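Structure, as structure tokens:
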Amino acid sequence: MLVPVFTLKLNHKINPRMVTVGKYDGIHPNLTAATTAGKVFIHNPHSRNLSGGRASELSLDSDISLLSINKGISAVAAGSLDPVGVSDMLLVGTQTDLLAYDVQNNTDVFYKEAPDGVNAIAIGKLGSIDSKLAISGGNCALQGYDIEGNDLFWTVTGDNVCSLALSDFAGEGISELIVGSEDYDIRVFREDEIIAEMTETEAITALCPMTAGRFGYALANGTVGVYNKTSRYWRIKSKNQAVSIHSFDLNGDGVDELITGWTNGKIDARSDRTGEVVFKDNMSSSVAGIVEGDYRSNGNTELICCSVEGEVKGFLPATQEQKGNLMDVNIEQEKVREMSQRKQNLLLELKNYEENAKAASTDRPSGLGDLDKGQMGIIPANTQLQTSLSIRLDAEGQEPHVDLFVCTTNDTVLRAVLIFAEGIFEGESHVVHPNLNQLNNTLHVPIYPRKDVPVDLHIKAFVGCKSSTQFHVFELTRQLPRFSMYTPCTEQVPEPKSSVTFTVNERVQRIVLWINQHFLLNNELTCDGDLNAGFMSLRGSGPIFIQMKSGGQVTLRTDDMDLAGDLVQAVASFLGLDELQVTADFPMHMEELKEILVKVDSFHEVRQKLTAEMADHSNLIKSLVVRAEDARLMGDMRNMRRGYMELFDLNRDLINGYKVRCNNHQELLSCLKQVNQTIQKAGSLRVGKFKTQVVSQCRQAIKDNNVSALLKIIKTGAS
């Protein structure tokens, strides 16, 4: 349980997810947050006493320092990069640069341009790298800087980075980097090697480390949950969005609970194992961030919650006496809720019995009629629910899709079917409720998987007679194969020009078995000699051919580089391969990459030219202002007017140049994202150390501006 210990009202609006606490003098924690005006405020309350009263309300404008960034701030963090770790520094990220600032000495530690932008920042040790790093996540790229601004870490991820966290994921005493991105994936990096990957149903907006390999996460659709390594403990979904999550030990048992701040101002704490709510409170506006620190300098670490309107609340775990009083009240409330729920269930059950008794009282001596049996929900004892999955190419008015067929084994009808599946339906569930005049014992449900991942379909069906008012609920689970959106080719189609080739020490039958398990086939595939299986994508990305010779050489032919990576990873996982090198030939992708790199060079040239022009204009403005003011002081109105007219024209040119520079920057970001994604795809075509090797060598080739070496690395995996 938590009890409030202080309340502050700061006259600054706070950007969501941009709140941190830093000990800039090495002793006192300072609340730091980004404002909507492109500034960072630092609240230092230690010049006056905050310990007077259980819930002090103070207005402390004099304790606030402002740091002007003059750009849209996208991320803030505080932490120590010093090996000694005495005092923290402030890290501020924008869409163009990263600033490390020494608050205590009012100096810049380092300033780095960030062409990929900065969406999230994490500070700490990563893997076996000796120095502490400030790790920034941006446009499909991750970069880590030491205290001197040296770039010691770089890798790519699948999409724009939304959230970062450092945690001992594997339980080996070293920190791994957990990355949440817009492509719905959570990836765990041990330095530049991906050691785990989990797919969610929305963009991952927040991550926080917990105890013993567990971490909390929040999604853009209002989902909050906890993972234990790669296994999800629990998750809940709300109609509101989770803005901030934080781990904090409420009850002193050594296990952190997950604290969540929501857009409706609610703050709740949930058990890390079950997701059960153990504490809740409310703020007057949306939560902006949740942090912790000894804010009153009395040796107790408070949980500090901030709202977007500048309200700050501090909480402490309750004492034993307070805990007892709160527990008594909570037990009473829980009992009342439990008894109310039980009453509702009993009343509903009683109503059903009354309706059945009423129907039975009107029966004939020979027993209940068929109509009466139907109304009472009586169905044959041998009734079963059956399902099948198939591909429909010719459905009228529908795109090609996977068809889920649900039926009963007799004349009973399906009144409704509910399907729960992650990442397929909007809201993760789908209900089919036929009209009364269309009820029968069969039902077809079209399914359109968006990504090539295996999905469990949890099916619930209401089964009864046509006249039933009460229904039996049948439940079962079917797994949708990973590559279910690909149908066997029924006619001759030209083979794709692109391919991936590798050699495995396996028989052809093993690959045939993999195909039967990972594709949706009406009849199992068989093969006596060399394998050549063709499939057509239902999403319109063209054909794929899976070929294998008896000597172990496997060739995957597809023009989709993403799909080729998914196929390679799936084969490697099925065969238990820890390392796999391939030869990749994607001529169309390589031509596109060449064009993009040419564009990147031209955008860099334009940027440098515009920067030089702006610098020249700035110097000219200074001289014009001086001349115009001199003319004004001398009473020469004619020259003053002429000077200010020139200033007006020059200012207009500067504004137009700035717009051109902004458009140029956006185009550059788009091109850099495509380059980073291509490198990430090239890495996904390999497994183990070869994957890491490709990413690092590609980056070096880009640094050296060596396009031919980059293309060779993507193709062969080595420079």
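So you can find residues: chains in the structure tokens are A, B, ... in the order shown, residues in each start at 1, and ligands are numbered from 1 in order.
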Listing only residues of segment 49-147 of chain A within 8 Å of segment 672-683 of chain A, what is the closest atom pair and its distance in Å (to one decimal) for each, using only C-alpha atoms, sorted by chain and residue number ascending, as a tab-separated table?
residue	atom	partner	partner_atom	distance
A:Pro115	CA	A:Leu672	CA	7.9
A:Asp116	CA	A:Leu672	CA	7.0
A:Asn139	CA	A:Lys673	CA	5.7
A:Cys140	CA	A:Asn676	CA	6.0
A:Ala141	CA	A:Asn676	CA	6.7
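The space separating atom CA of Thr387 of chain A from atom CA of Tyr448 of chain A comes to 17.1 Å.
The spacing separating atom CA of Phe425 of chain A from atom CA of Thr157 of chain A amounts to 25.6 Å.
Among the candidate residues A:Asp630, A:Glu646, A:Asp585, A:Asp102, the one lying nearest to Lys712 of chain A is A:Asp585, with distances computed using only C-alpha atoms.
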Selection near Val255 of chain A, 10 Å with only C-alpha atoms, sequence-local residues under 5 positions removed, as a PyMOL selection string
chain A and resi 210-212+247-250+271-273
Of A:Gln95, A:Asn505, A:Thr7, A:Thr490, the one nearest to Cys662 of chain A when counting only C-alpha atoms is A:Gln95
DSSP helix (DSSP H, G or I) residues within segment 157-386 of chain A, as a ChimeraX atom specification: /A:320-361,370-375
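Each of A:Leu556, A:Ala461, A:Asp88, A:Ile14 was compared to Glu311 of chain A using only C-alpha atoms, and A:Ile14 turns out to be the nearest.
Considering the residues A:Lys343, A:Arg539, A:Arg686, A:Lys549 and counting only C-alpha atoms, Glu506 of chain A has its shortest atom-to-atom contact with A:Lys549.
Of the residues under consideration (A:Ile714, A:Ile194, A:Ala318, A:Leu348), A:Leu348 shows the shortest atom-to-atom contact distance to Gln470 of chain A when counting only C-alpha atoms.
Distances to Leu654 of chain A were evaluated for A:Ser390, A:Ser284, A:Ser618, A:Asn410 using only C-alpha atoms, and the minimum falls at A:Ser618.
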Mind checking which residues fall within 9 Å of Phe462 of chain A, counting only C-alpha atoms, ignoring those fewer than 5 positions away in the same chain, and posting them as a PDB file with C-alpha atoms, in the first residue's frame?
ATOM      1  CA  VAL A 413     -27.190 -24.620 -34.652  1.00  0.00           C
ATOM      2  CA  LEU A 414     -24.391 -22.151 -34.026  1.00  0.00           C
ATOM      3  CA  ARG A 415     -25.956 -19.043 -32.503  1.00  0.00           C
ATOM      4  CA  ALA A 416     -22.663 -17.139 -32.217  1.00  0.00           C
ATOM      5  CA  VAL A 417     -18.919 -17.737 -32.515  1.00  0.00           C
ATOM      6  CA  LEU A 418     -16.289 -15.699 -30.646  1.00  0.00           C
ATOM      7  CA  GLN A 470     -30.261 -20.956 -23.554  1.00  0.00           C
ATOM      8  CA  PHE A 471     -27.077 -22.228 -25.182  1.00  0.00           C
ATOM      9  CA  HIS A 472     -24.127 -24.462 -24.421  1.00  0.00           C
ATOM     10  CA  VAL A 473     -20.661 -22.926 -24.763  1.00  0.00           C
ATOM     11  CA  PHE A 474     -18.084 -25.047 -26.577  1.00  0.00           C
TER      12      PHE A 474
END
### Task
Within segment 541-619 of chain A, find each residue whose DSSP state, derived from the backbone, is strand (DSSP E), and express the selection as a list in words.
Pro543, Ile544, Phe545, Ile546, Gln547, Met548, Gln553, Val554, Thr555, Leu556, Arg557, Thr583, Ala584 and Asp585 of chain A
